[in-house]
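Structure data (JSON, C-alpha atoms) from work-v2.json:
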[["chain", "number", "residue", "atom", "x", "y", "z"],
["A", 985, "MET", "CA", 110.48, 31.80, -26.17],
["A", 986, "GLY", "CA", 112.88, 28.97, -25.28],
["A", 987, "LYS", "CA", 113.71, 28.48, -28.93],
["A", 988, "ASN", "CA", 114.59, 32.14, -29.34],
["A", 989, "PHE", "CA", 116.81, 32.15, -26.26],
["A", 990, "ALA", "CA", 118.47, 28.96, -27.56],
["A", 991, "GLY", "CA", 119.20, 30.71, -30.85],
["A", 992, "LEU", "CA", 120.82, 33.67, -29.10],
["A", 993, "VAL", "CA", 122.99, 31.51, -26.82],
["A", 994, "ALA", "CA", 124.04, 29.16, -29.64],
["A", 995, "GLY", "CA", 124.98, 32.18, -31.78],
["A", 996, "LEU", "CA", 127.01, 33.68, -28.91],
["A", 997, "ILE", "CA", 128.96, 30.46, -28.34],
["A", 998, "PHE", "CA", 129.51, 30.06, -32.08],
["A", 999, "GLY", "CA", 130.83, 33.64, -32.32],
["A", 1000, "ILE", "CA", 133.14, 33.18, -29.32],
["A", 1001, "GLY", "CA", 134.45, 29.93, -30.85],
["A", 1002, "LEU", "CA", 135.17, 31.62, -34.18],
["A", 1003, "THR", "CA", 136.99, 34.43, -32.37],
["A", 1004, "ILE", "CA", 139.13, 32.23, -30.10],
["A", 1005, "SER", "CA", 140.15, 30.06, -33.08],
["A", 1006, "GLN", "CA", 140.92, 33.32, -35.02],
["A", 1007, "MET", "CA", 138.66, 32.21, -37.87],
["A", 1008, "THR", "CA", 137.24, 35.76, -37.81],
["A", 1009, "ASN", "CA", 140.58, 36.88, -39.30],
["A", 1010, "PRO", "CA", 140.54, 36.50, -43.11],
["A", 1011, "ALA", "CA", 144.37, 36.41, -43.24],
["A", 1012, "LYS", "CA", 144.34, 33.36, -40.93],
["A", 1013, "VAL", "CA", 141.83, 31.54, -43.16],
["A", 1014, "LEU", "CA", 143.83, 32.38, -46.30],
["A", 1015, "GLY", "CA", 146.89, 30.94, -44.51],
["A", 1016, "PHE", "CA", 145.10, 27.59, -44.42],
["A", 1017, "LEU", "CA", 144.17, 27.78, -48.10],
["A", 1018, "ASP", "CA", 147.73, 28.81, -49.07],
["A", 1019, "ILE", "CA", 148.92, 25.20, -49.10],
["A", 1020, "PHE", "CA", 151.95, 25.79, -51.33],
["A", 1021, "GLY", "CA", 152.97, 28.93, -49.44],
["A", 1022, "ASN", "CA", 153.44, 29.56, -45.73],
["A", 1023, "TRP", "CA", 150.80, 26.99, -44.81],
["A", 1024, "ASP", "CA", 148.87, 27.34, -41.54],
["A", 1025, "PRO", "CA", 146.91, 24.13, -40.73],
["A", 1026, "SER", "CA", 144.94, 25.77, -37.88],
["A", 1027, "LEU", "CA", 141.59, 25.69, -39.73],
["A", 1028, "ALA", "CA", 141.79, 21.90, -39.98],
["A", 1029, "PHE", "CA", 142.19, 21.78, -36.19],
["A", 1030, "VAL", "CA", 139.15, 24.04, -35.75],
["A", 1031, "MET", "CA", 137.13, 21.66, -37.91],
["A", 1032, "GLY", "CA", 138.55, 18.66, -36.03],
["A", 1033, "GLY", "CA", 137.72, 20.12, -32.62],
["A", 1034, "ALA", "CA", 134.21, 21.05, -33.76],
["A", 1035, "MET", "CA", 133.57, 17.64, -35.33],
["A", 1036, "ALA", "CA", 134.76, 15.72, -32.28],
["A", 1037, "ILE", "CA", 132.19, 17.50, -30.08],
["A", 1038, "THR", "CA", 129.42, 17.50, -32.70],
["A", 1039, "THR", "CA", 129.74, 13.82, -33.65],
["A", 1040, "LEU", "CA", 129.50, 12.75, -30.02],
["A", 1041, "GLY", "CA", 126.90, 15.39, -29.14],
["A", 1042, "TYR", "CA", 124.57, 14.56, -32.06],
["A", 1043, "PHE", "CA", 124.83, 10.87, -31.18],
["A", 1044, "LEU", "CA", 123.67, 11.61, -27.62],
["A", 1045, "VAL", "CA", 121.05, 14.23, -28.58],
["A", 1046, "TRP", "CA", 119.40, 11.96, -31.15],
["A", 1047, "LYS", "CA", 118.69, 9.39, -28.45],
["A", 1048, "ARG", "CA", 115.89, 11.78, -27.44],
["A", 1049, "LYS", "CA", 112.56, 11.60, -29.24],
["A", 1050, "SER", "CA", 112.48, 15.32, -29.98],
["A", 1051, "PRO", "CA", 114.36, 18.57, -29.29],
["A", 1052, "VAL", "CA", 113.56, 20.49, -26.09],
["A", 1053, "PHE", "CA", 111.82, 23.46, -27.76],
["A", 1054, "ALA", "CA", 110.52, 21.89, -31.01],
["A", 1055, "ASP", "CA", 108.44, 18.93, -32.19],
["A", 1056, "GLN", "CA", 111.09, 17.18, -34.25],
["A", 1057, "PHE", "CA", 114.67, 17.16, -35.45],
["A", 1058, "HIS", "CA", 115.23, 18.69, -38.89],
["A", 1059, "VAL", "CA", 118.17, 16.96, -40.53],
["A", 1060, "PRO", "CA", 118.81, 17.09, -44.29],
["A", 1061, "THR", "CA", 117.60, 13.90, -45.98],
["A", 1062, "ASN", "CA", 118.89, 14.48, -49.53],
["A", 1063, "THR", "CA", 121.76, 12.07, -50.28],
["A", 1064, "ARG", "CA", 122.22, 12.73, -54.02],
["A", 1065, "ILE", "CA", 125.55, 13.98, -55.29],
["A", 1066, "ASP", "CA", 124.14, 16.29, -57.97],
["A", 1067, "PRO", "CA", 125.45, 19.20, -60.09],
["A", 1068, "PRO", "CA", 124.01, 21.97, -57.84],
["A", 1069, "LEU", "CA", 125.92, 20.56, -54.85],
["A", 1070, "VAL", "CA", 129.24, 20.49, -56.70],
["A", 1071, "ILE", "CA", 128.81, 23.71, -58.73],
["A", 1072, "GLY", "CA", 127.68, 25.52, -55.58],
["A", 1073, "ALA", "CA", 130.76, 24.29, -53.70],
["A", 1074, "VAL", "CA", 133.01, 25.39, -56.59],
["A", 1075, "LEU", "CA", 131.52, 28.93, -56.60],
["A", 1076, "PHE", "CA", 131.68, 29.13, -52.80],
["A", 1077, "GLY", "CA", 135.30, 27.89, -52.74],
["A", 1078, "ALA", "CA", 136.28, 30.47, -55.36],
["A", 1079, "GLY", "CA", 134.76, 33.35, -53.37],
["A", 1080, "TRP", "CA", 136.21, 32.02, -50.11],
["A", 1081, "GLY", "CA", 139.70, 31.84, -51.61],
["A", 1082, "LEU", "CA", 139.35, 35.31, -53.13],
["A", 1083, "VAL", "CA", 138.78, 37.08, -49.78],
["A", 1084, "GLY", "CA", 139.15, 34.60, -46.90],
["A", 1085, "LEU", "CA", 135.61, 35.02, -45.62],
["A", 1086, "CYS", "CA", 132.80, 32.46, -45.42],
["A", 1087, "PRO", "CA", 129.29, 33.23, -44.08],
["A", 1088, "GLY", "CA", 130.00, 32.68, -40.33],
["A", 1089, "PRO", "CA", 133.04, 34.97, -40.05],
["A", 1090, "ALA", "CA", 131.46, 37.47, -42.48],
["A", 1091, "ILE", "CA", 128.72, 38.05, -39.90],
["A", 1092, "ALA", "CA", 130.77, 37.50, -36.73],
["A", 1093, "GLY", "CA", 133.30, 40.09, -37.92],
["A", 1094, "LEU", "CA", 130.78, 42.91, -38.36],
["A", 1095, "ALA", "CA", 131.58, 44.66, -35.08],
["A", 1096, "ILE", "CA", 135.33, 43.98, -35.03],
["A", 1097, "GLY", "CA", 136.35, 44.19, -38.70],
["A", 1098, "GLY", "CA", 136.68, 47.14, -41.04],
["A", 1099, "TRP", "CA", 134.44, 48.51, -43.77],
["A", 1100, "GLN", "CA", 135.48, 45.65, -46.04],
["A", 1101, "ILE", "CA", 133.39, 43.15, -44.11],
["A", 1102, "TRP", "CA", 130.24, 45.24, -44.65],
["A", 1103, "VAL", "CA", 130.88, 45.36, -48.39],
["A", 1104, "PHE", "CA", 131.50, 41.62, -48.48],
["A", 1105, "LEU", "CA", 128.37, 40.85, -46.43],
["A", 1106, "ALA", "CA", 126.21, 43.10, -48.64],
["A", 1107, "ALA", "CA", 127.52, 41.30, -51.75],
["A", 1108, "MET", "CA", 126.98, 37.90, -50.07],
["A", 1109, "LEU", "CA", 123.36, 38.69, -49.17],
["A", 1110, "THR", "CA", 122.85, 39.98, -52.72],
["A", 1111, "GLY", "CA", 124.22, 36.66, -54.02],
["A", 1112, "MET", "CA", 121.80, 34.75, -51.80],
["A", 1113, "ALA", "CA", 118.90, 36.92, -53.01],
["A", 1114, "LEU", "CA", 119.96, 36.41, -56.65],
["A", 1115, "HIS", "CA", 119.88, 32.65, -56.10],
["A", 1116, "GLU", "CA", 116.38, 32.90, -54.66],
["A", 1117, "VAL", "CA", 115.23, 35.03, -57.60],
["A", 1118, "GLY", "CA", 116.76, 32.53, -60.03],
["A", 1119, "LYS", "CA", 115.09, 29.67, -58.18],
["A", 1120, "ARG", "CA", 111.66, 31.29, -58.29],
["A", 1121, "ALA", "CA", 112.10, 32.04, -62.00],
["A", 1122, "LYS", "CA", 112.97, 28.35, -62.38],
["A", 1123, "LEU", "CA", 116.38, 29.26, -63.80],
["A", 1124, "LEU", "CA", 118.29, 27.73, -60.86],
["A", 1125, "PRO", "CA", 117.72, 24.60, -58.77],
["B", 662, "MET", "CA", 154.13, 27.07, -40.35],
["B", 663, "GLU", "CA", 155.08, 29.67, -37.73],
["B", 664, "ASN", "CA", 151.48, 30.97, -37.70],
["B", 665, "PHE", "CA", 150.08, 27.58, -36.63],
["B", 666, "THR", "CA", 147.95, 27.86, -33.46],
["B", 667, "PRO", "CA", 146.72, 24.32, -32.70],
["B", 668, "VAL", "CA", 145.53, 24.89, -29.11],
["B", 669, "SER", "CA", 143.33, 27.94, -29.72],
["B", 670, "ALA", "CA", 142.09, 26.24, -32.91],
["B", 671, "LEU", "CA", 140.98, 23.13, -30.98],
["B", 672, "VAL", "CA", 139.42, 25.15, -28.14],
["B", 673, "GLY", "CA", 137.57, 27.46, -30.53],
["B", 674, "GLY", "CA", 136.51, 24.48, -32.64],
["B", 675, "ALA", "CA", 135.17, 22.70, -29.57],
["B", 676, "LEU", "CA", 133.07, 25.78, -28.76],
["B", 677, "ILE", "CA", 131.70, 25.85, -32.32],
["B", 678, "GLY", "CA", 130.85, 22.14, -31.95],
["B", 679, "SER", "CA", 129.15, 22.83, -28.59],
["B", 680, "SER", "CA", 127.03, 25.50, -30.26],
["B", 681, "ALA", "CA", 125.99, 23.03, -32.98],
["B", 682, "VAL", "CA", 125.05, 20.38, -30.39],
["B", 683, "LEU", "CA", 123.15, 22.89, -28.25],
["B", 684, "LEU", "CA", 121.17, 24.13, -31.25],
["B", 685, "MET", "CA", 120.27, 20.58, -32.28],
["B", 686, "ALA", "CA", 119.28, 19.58, -28.72],
["B", 687, "LEU", "CA", 117.11, 22.65, -28.14],
["B", 688, "THR", "CA", 115.70, 23.59, -31.57],
["B", 689, "GLY", "CA", 116.34, 20.44, -33.65],
["B", 690, "ARG", "CA", 118.22, 22.42, -36.31],
["B", 691, "VAL", "CA", 121.67, 22.14, -37.88],
["B", 692, "ALA", "CA", 124.00, 25.09, -37.24],
["B", 693, "GLY", "CA", 124.59, 26.05, -40.86],
["B", 694, "ILE", "CA", 125.21, 29.78, -41.04],
["B", 695, "SER", "CA", 124.27, 30.27, -44.72],
["B", 696, "GLY", "CA", 120.98, 28.43, -44.14],
["B", 697, "ILE", "CA", 120.17, 30.24, -40.89],
["B", 698, "VAL", "CA", 120.86, 33.70, -42.35],
["B", 699, "SER", "CA", 118.79, 33.20, -45.51],
["B", 700, "ASN", "CA", 115.93, 31.61, -43.59],
["B", 701, "ILE", "CA", 115.57, 34.75, -41.47],
["B", 702, "VAL", "CA", 113.71, 35.92, -44.59],
["B", 703, "LEU", "CA", 112.78, 32.69, -46.36],
["B", 704, "GLY", "CA", 111.87, 30.49, -43.37],
["B", 705, "ALA", "CA", 108.41, 29.84, -41.95],
["B", 706, "PRO", "CA", 107.15, 32.89, -39.99],
["B", 707, "GLY", "CA", 107.47, 31.18, -36.57],
["B", 708, "GLU", "CA", 111.01, 30.05, -37.40],
["B", 709, "ARG", "CA", 112.54, 33.45, -38.15],
["B", 710, "LEU", "CA", 113.12, 35.14, -34.80],
["B", 711, "TRP", "CA", 115.43, 32.48, -33.31],
["B", 712, "ARG", "CA", 117.51, 32.68, -36.48],
["B", 713, "ALA", "CA", 117.78, 36.48, -36.25],
["B", 714, "LEU", "CA", 118.76, 36.14, -32.57],
["B", 715, "PHE", "CA", 121.41, 33.57, -33.52],
["B", 716, "MET", "CA", 122.94, 36.20, -35.82],
["B", 717, "ILE", "CA", 122.85, 38.83, -33.07],
["B", 718, "GLY", "CA", 124.66, 36.36, -30.78],
["B", 719, "LEU", "CA", 127.16, 35.66, -33.55],
["B", 720, "VAL", "CA", 128.00, 39.38, -33.80],
["B", 721, "LEU", "CA", 128.13, 39.83, -30.00],
["B", 722, "GLY", "CA", 130.44, 36.82, -29.41],
["B", 723, "PRO", "CA", 133.58, 38.54, -30.73],
["B", 724, "VAL", "CA", 132.62, 41.77, -28.92],
["B", 725, "ILE", "CA", 132.52, 39.90, -25.60],
["B", 726, "VAL", "CA", 135.92, 38.30, -26.27],
["B", 727, "ARG", "CA", 137.28, 41.75, -27.18],
["B", 728, "ILE", "CA", 136.03, 43.27, -23.91],
["B", 729, "ILE", "CA", 137.23, 40.41, -21.68],
["B", 730, "SER", "CA", 140.65, 40.10, -23.31],
["B", 731, "GLY", "CA", 141.13, 43.88, -23.41],
["B", 732, "GLU", "CA", 143.11, 43.54, -26.61],
["B", 733, "PRO", "CA", 142.21, 44.29, -30.23],
["B", 734, "LEU", "CA", 141.33, 41.12, -32.13],
["B", 735, "PRO", "CA", 143.50, 40.26, -35.13],
["B", 736, "PHE", "CA", 141.63, 41.21, -38.29],
["B", 737, "GLU", "CA", 143.59, 41.49, -41.49],
["B", 738, "ILE", "CA", 141.96, 41.85, -44.89],
["B", 739, "THR", "CA", 143.81, 43.00, -47.98],
["B", 740, "SER", "CA", 141.19, 42.43, -50.70],
["B", 741, "SER", "CA", 140.37, 45.36, -52.99],
["B", 742, "LEU", "CA", 136.77, 46.50, -53.56],
["B", 743, "PRO", "CA", 136.18, 44.45, -56.76],
["B", 744, "PHE", "CA", 137.49, 41.33, -55.00],
["B", 745, "LEU", "CA", 135.24, 41.93, -51.99],
["B", 746, "LEU", "CA", 132.19, 42.30, -54.24],
["B", 747, "ALA", "CA", 133.03, 39.29, -56.43],
["B", 748, "GLY", "CA", 133.94, 37.14, -53.40],
["B", 749, "GLY", "CA", 130.74, 38.03, -51.57],
["B", 750, "LEU", "CA", 128.54, 37.32, -54.59],
["B", 751, "LEU", "CA", 130.24, 33.95, -55.21],
["B", 752, "VAL", "CA", 129.94, 32.93, -51.55],
["B", 753, "GLY", "CA", 126.27, 33.97, -51.45],
["B", 754, "ILE", "CA", 125.19, 32.18, -54.62],
["B", 755, "GLY", "CA", 127.48, 29.19, -54.07],
["B", 756, "THR", "CA", 126.38, 28.42, -50.53],
["B", 757, "ARG", "CA", 122.70, 28.57, -51.47],
["B", 758, "LEU", "CA", 123.11, 26.52, -54.67],
["B", 759, "GLY", "CA", 125.30, 23.99, -52.84],
["B", 760, "SER", "CA", 123.02, 23.88, -49.77],
["B", 761, "GLY", "CA", 125.61, 24.90, -47.20],
["B", 762, "CYS", "CA", 128.97, 26.31, -46.20],
["B", 763, "THR", "CA", 131.84, 25.62, -43.80],
["B", 764, "SER", "CA", 129.47, 25.21, -40.86],
["B", 765, "GLY", "CA", 126.49, 23.36, -42.39],
["B", 766, "HIS", "CA", 128.45, 20.97, -44.58],
["B", 767, "GLY", "CA", 131.78, 21.20, -42.76],
["B", 768, "VAL", "CA", 130.91, 20.90, -39.08],
["B", 769, "CYS", "CA", 127.33, 19.55, -39.00],
["B", 770, "GLY", "CA", 127.34, 17.49, -42.21],
["B", 771, "LEU", "CA", 130.64, 15.70, -41.65],
["B", 772, "SER", "CA", 129.66, 15.00, -38.03],
["B", 773, "ARG", "CA", 126.65, 13.01, -39.22],
["B", 774, "PHE", "CA", 128.77, 11.25, -41.87],
["B", 775, "SER", "CA", 126.96, 12.82, -44.85],
["B", 776, "ILE", "CA", 128.61, 11.91, -48.17],
["B", 777, "ARG", "CA", 127.06, 15.00, -49.79],
["B", 778, "SER", "CA", 128.77, 17.16, -47.20],
["B", 779, "LEU", "CA", 132.09, 15.35, -47.69],
["B", 780, "VAL", "CA", 131.94, 16.02, -51.45],
["B", 781, "SER", "CA", 131.07, 19.67, -50.78],
["B", 782, "VAL", "CA", 133.86, 20.19, -48.23],
["B", 783, "ILE", "CA", 136.55, 18.57, -50.41],
["B", 784, "THR", "CA", 135.36, 20.68, -53.36],
["B", 785, "PHE", "CA", 135.23, 24.08, -51.66],
["B", 786, "ILE", "CA", 138.52, 23.58, -49.80],
["B", 787, "GLY", "CA", 140.19, 22.34, -52.99],
["B", 788, "VAL", "CA", 138.88, 25.24, -55.08],
["B", 789, "GLY", "CA", 139.77, 27.71, -52.31],
["B", 790, "MET", "CA", 143.35, 26.40, -52.27],
["B", 791, "ILE", "CA", 143.59, 26.63, -56.07],
["B", 792, "MET", "CA", 142.24, 30.21, -55.97],
["B", 793, "VAL", "CA", 144.74, 31.32, -53.32],
["B", 794, "THR", "CA", 147.61, 29.68, -55.21],
["B", 795, "ILE", "CA", 146.61, 31.36, -58.50],
["B", 796, "LEU", "CA", 146.31, 34.75, -56.78],
["B", 797, "ARG", "CA", 149.76, 34.35, -55.22],
["B", 798, "LEU", "CA", 151.33, 33.36, -58.54],
["B", 799, "LEU", "CA", 149.67, 36.34, -60.27],
["B", 800, "ALA", "CA", 150.99, 38.63, -57.55],
["B", 801, "GLY", "CA", 154.46, 37.33, -58.29],
["B", 802, "GLY", "CA", 154.94, 35.49, -54.96]]
In structure tokens, write the structure found in this file.
Amino acid sequence: MGKNFAGLVAGLIFGIGLTISQMTNPAKVLGFLDIFGNWDPSLAFVMGGAMAITTLGYFLVWKRKSPVFADQFHVPTNTRIDPPLVIGAVLFGAGWGLVGLCPGPAIAGLAIGGWQIWVFLAAMLTGMALHEVGKRAKLLP
Amino acid sequence: MENFTPVSALVGGALIGSSAVLLMALTGRVAGISGIVSNIVLGAPGERLWRALFMIGLVLGPVIVRIISGEPLPFEITSSLPFLLAGGLLVGIGTRLGSGCTSGHGVCGLSRFSIRSLVSVITFIGVGMIMVTILRLLAGG
């Protein structure tokens, strides 16, 4: 129960943050990626603001033995720089630069964007499903 | 750089960071959107509802800002249908293969000083910038 409420509230705050920073606007995101054009560094400031709070917050939170509504913290333990990591980031970067949407804004924009965001989200979920199919067929890591 | 909005970027970023810290403190999970959305289906049965509620919050966040501000939120997308489909597929496969996106690797990963996340972020931002530059050159800008 607490965990579910936590999910809802965290999602709300995340969505409000994306909106206030205008990261829900694909044109704004493309402005950051357009480094040789009319460059807009705002996205770097969004990341900076988020990291400042998260670095300090994680440091304080991890002083606890466990989270409030769960038995343990789940933090990725893999430290290998392997081909899937890099190839995945290349594919993601290519799609991000093509449209200006990454997963957060693609979902946060559903109620405020146009039909395009629904098409993009459907394709994105299909991509995720394709990866899962490839993984189960042992074709993808 | 006339589109640069450092203050709203920092404020929005701080909210995104607060969401990540809250989620870690309460549920023990990183706030990676691509991971949360795919684990609504792929996650353990007891770990699905909070993720679905996170997504509902993520969609409602911008709606709340829209209602309070009383103004339409900037949303500008110029991609054609083939670009939307290709971009969505690439983002979907890439984020799963590379174990994260702008939020999981960008905000949460960098905040815990993960080298894997640093490699991912540099790669997807770099490729995104190359993609936007190529598209602009092809368009004759």
Query raised in the report: Skipping near chain neighbours, those fewer than 2 positions away, what residues fall within 6 Å of range 761-775 of chain B using only C-alpha atoms, listed as a PyMOL selection string?
Result: (chain A and resi 1035+1038-1039) or (chain B and resi 692-693+756+759+777-778+782)
Query raised in the report: From the list B:Leu779, B:Gly789, B:Leu742, B:Arg727, which residue is nearest chain A when using only C-alpha atoms?
Result: B:Gly789
Query raised in the report: Could you work out how far CA of Gly1079 in chain A lies from CA of Leu751 in chain B, giving the answer in Å with one decimal?
Result: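 Taking CA of Leu751 in chain B as the start and CA of Gly1079 in chain A as the end point, the length is 4.9 Å.
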Query - Within 8 Å of Ala1011 in chain A using all atoms listed in the file, minus same-chain residues under 2 positions, as a PyMOL selection string - result: (chain A and resi 1009+1013-1015+1084) or (chain B and resi 736-738)
Query raised in the report: In Å, how far is it from CA of Ile1101 in chain A to CA of Ser740 in chain B?
Result: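 Value for the CA of Ile1101 in chain A-CA of Ser740 in chain B distance: 10.2 Å.
Neighbours of Asp1018 in chain A closer than or equal to 8 Å, with only C-alpha atoms counted and sequence neighbours fewer than 3 positions away skipped, come out as Leu1014, Gly1015, Gly1021, Asn1022, Trp1023 and Asp1024 of chain A; Met790, Val793 and Thr794 of chain B.
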Now that the selection is made, can you save its residues with C-alpha atoms as a tab-separated table (two decimals), in the coordinates of the input?
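For reference, again-v5.tsv as written:
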chain	number	residue	atom	x	y	z
A	1014	LEU	CA	143.83	32.38	-46.30
A	1015	GLY	CA	146.89	30.94	-44.51
A	1021	GLY	CA	152.97	28.93	-49.44
A	1022	ASN	CA	153.44	29.56	-45.73
A	1023	TRP	CA	150.80	26.99	-44.81
A	1024	ASP	CA	148.87	27.34	-41.54
B	790	MET	CA	143.35	26.40	-52.27
B	793	VAL	CA	144.74	31.32	-53.32
B	794	THR	CA	147.61	29.68	-55.21
Query raised in the report: So which residues are close to (133.5, 24.0, -33.2), meaning at most 8 Å away in the file's coordinates with only C-alpha atoms counted, and can you show them as an MDAnalysis selection string?
Result: (chainID A and resid 998 1001:1002 1030:1035 1037:1038) or (chainID B and resid 671:681 768)
**Report entry** Nearest candidate to Val1083 in chain A (options B:Leu719, B:Ala713, B:Met792, B:Val724; using all atoms listed in the file)
**Finding:**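 Using all atoms listed in the file, the shortest distance to Val1083 in chain A belongs to B:Met792.
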Requested in this report: Compare A:Ala1054, A:Ala990, A:Ala1092, A:Ala1078 by their minimum atom-to-atom distance to Phe785 in chain B, counting all atoms listed in the file, and give me the closest one.
Outcome: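 Looking at the shortest contact to Phe785 in chain B, the residue is A:Ala1078.
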Each residue of range 990-1091 of chain A with at least one atom at most 12 Å from range 1108-1116 of chain A should appear once, together with its nearest atom pair and the corresponding distance in Å (one decimal); atoms considered: only C-alpha atoms; ordering: chain, then increasing residue number; output as JSON lines.
{"residue": "A:Pro1068", "atom": "CA", "partner": "A:His1115", "partner_atom": "CA", "distance": 11.6}
{"residue": "A:Gly1072", "atom": "CA", "partner": "A:His1115", "partner_atom": "CA", "distance": 10.6}
{"residue": "A:Leu1075", "atom": "CA", "partner": "A:Gly1111", "partner_atom": "CA", "distance": 10.9}
{"residue": "A:Phe1076", "atom": "CA", "partner": "A:Met1108", "partner_atom": "CA", "distance": 10.3}
{"residue": "A:Gly1079", "atom": "CA", "partner": "A:Met1108", "partner_atom": "CA", "distance": 9.6}
{"residue": "A:Trp1080", "atom": "CA", "partner": "A:Met1108", "partner_atom": "CA", "distance": 10.9}
{"residue": "A:Val1083", "atom": "CA", "partner": "A:Met1108", "partner_atom": "CA", "distance": 11.8}
{"residue": "A:Leu1085", "atom": "CA", "partner": "A:Met1108", "partner_atom": "CA", "distance": 10.1}
{"residue": "A:Cys1086", "atom": "CA", "partner": "A:Met1108", "partner_atom": "CA", "distance": 9.2}
{"residue": "A:Pro1087", "atom": "CA", "partner": "A:Met1108", "partner_atom": "CA", "distance": 7.9}
{"residue": "A:Gly1088", "atom": "CA", "partner": "A:Met1108", "partner_atom": "CA", "distance": 11.5}
{"residue": "A:Ala1090", "atom": "CA", "partner": "A:Met1108", "partner_atom": "CA", "distance": 8.8}
{"residue": "A:Ile1091", "atom": "CA", "partner": "A:Met1108", "partner_atom": "CA", "distance": 10.3}
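The gap separating CA of Ile1019 in chain A from CA of Ile783 in chain B is 14.1 Å, in Å to one decimal.
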Query raised in the report: Closest to Ile697 in chain B among A:Pro1125, A:Gly1097, A:Gly991, A:Gly986, using only C-alpha atoms?
Result: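 Closest residue, counting only C-alpha atoms: A:Gly991.
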Query - A:Gln1006, A:Asn988, A:Thr1061, A:Ser1050 ranked by distance to chain B, top pick (using only C-alpha atoms) - result: A:Asn988
**Report entry** Shell around Arg709 in chain B at 12 Å using only C-alpha atoms, local window under 3 positions removed, as a list in words
**Finding:**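 Result of the neighbour search: Lys987, Asn988 and Gly991 of chain A; Gly696, Ile697, Val698, Ser699, Asn700, Ile701, Val702, Leu703, Gly704, Ala705, Pro706, Arg712, Ala713, Leu714, Phe715 and Met716 of chain B.
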Please, could you write that set of residues out with C-alpha atoms as a PDB file, in the frame of the given file?
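To be explicit, this is the file written out as part_4.pdb:
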ATOM      1  CA  LYS A 987     113.710  28.480 -28.930  1.00  0.00           C
ATOM      2  CA  ASN A 988     114.590  32.140 -29.340  1.00  0.00           C
ATOM      3  CA  GLY A 991     119.200  30.710 -30.850  1.00  0.00           C
TER       4      GLY A 991
ATOM      5  CA  GLY B 696     120.980  28.430 -44.140  1.00  0.00           C
ATOM      6  CA  ILE B 697     120.170  30.240 -40.890  1.00  0.00           C
ATOM      7  CA  VAL B 698     120.860  33.700 -42.350  1.00  0.00           C
ATOM      8  CA  SER B 699     118.790  33.200 -45.510  1.00  0.00           C
ATOM      9  CA  ASN B 700     115.930  31.610 -43.590  1.00  0.00           C
ATOM     10  CA  ILE B 701     115.570  34.750 -41.470  1.00  0.00           C
ATOM     11  CA  VAL B 702     113.710  35.920 -44.590  1.00  0.00           C
ATOM     12  CA  LEU B 703     112.780  32.690 -46.360  1.00  0.00           C
ATOM     13  CA  GLY B 704     111.870  30.490 -43.370  1.00  0.00           C
ATOM     14  CA  ALA B 705     108.410  29.840 -41.950  1.00  0.00           C
ATOM     15  CA  PRO B 706     107.150  32.890 -39.990  1.00  0.00           C
ATOM     16  CA  ARG B 712     117.510  32.680 -36.480  1.00  0.00           C
ATOM     17  CA  ALA B 713     117.780  36.480 -36.250  1.00  0.00           C
ATOM     18  CA  LEU B 714     118.760  36.140 -32.570  1.00  0.00           C
ATOM     19  CA  PHE B 715     121.410  33.570 -33.520  1.00  0.00           C
ATOM     20  CA  MET B 716     122.940  36.200 -35.820  1.00  0.00           C
TER      21      MET B 716
END
**Report entry** Pick from B:Val691, B:Ala800, B:Val720, B:Val682, whichever lies nearest to Thr1003 in chain A using only C-alpha atoms
**Finding:**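 Closest to Thr1003 in chain A of all the choices is B:Val720.
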Output of range 697-715 of chain B limited to C-alpha atoms, as an mmCIF file, in the first residue's frame:
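Once written, part21.cif looks like this:
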data_model
loop_
_atom_site.group_PDB
_atom_site.id
_atom_site.type_symbol
_atom_site.label_atom_id
_atom_site.label_comp_id
_atom_site.auth_asym_id
_atom_site.auth_seq_id
_atom_site.Cartn_x
_atom_site.Cartn_y
_atom_site.Cartn_z
ATOM 1 C CA ILE B 697 10.024 1.127 -14.537
ATOM 2 C CA VAL B 698 7.803 1.052 -17.636
ATOM 3 C CA SER B 699 9.049 -2.313 -18.919
ATOM 4 C CA ASN B 700 8.895 -3.880 -15.460
ATOM 5 C CA ILE B 701 5.175 -3.097 -15.245
ATOM 6 C CA VAL B 702 4.997 -6.231 -17.399
ATOM 7 C CA LEU B 703 8.322 -7.971 -16.759
ATOM 8 C CA GLY B 704 8.746 -7.310 -13.024
ATOM 9 C CA ALA B 705 7.824 -9.629 -10.153
ATOM 10 C CA PRO B 706 4.023 -9.705 -9.627
ATOM 11 C CA GLY B 707 4.153 -7.769 -6.327
ATOM 12 C CA GLU B 708 6.391 -5.115 -7.899
ATOM 13 C CA ARG B 709 4.139 -4.104 -10.788
ATOM 14 C CA LEU B 710 1.400 -1.919 -9.319
ATOM 15 C CA TRP B 711 3.677 0.782 -7.861
ATOM 16 C CA ARG B 712 5.363 1.032 -11.256
ATOM 17 C CA ALA B 713 2.032 1.432 -13.057
ATOM 18 C CA LEU B 714 1.025 4.093 -10.517
ATOM 19 C CA PHE B 715 4.335 5.895 -11.098
#
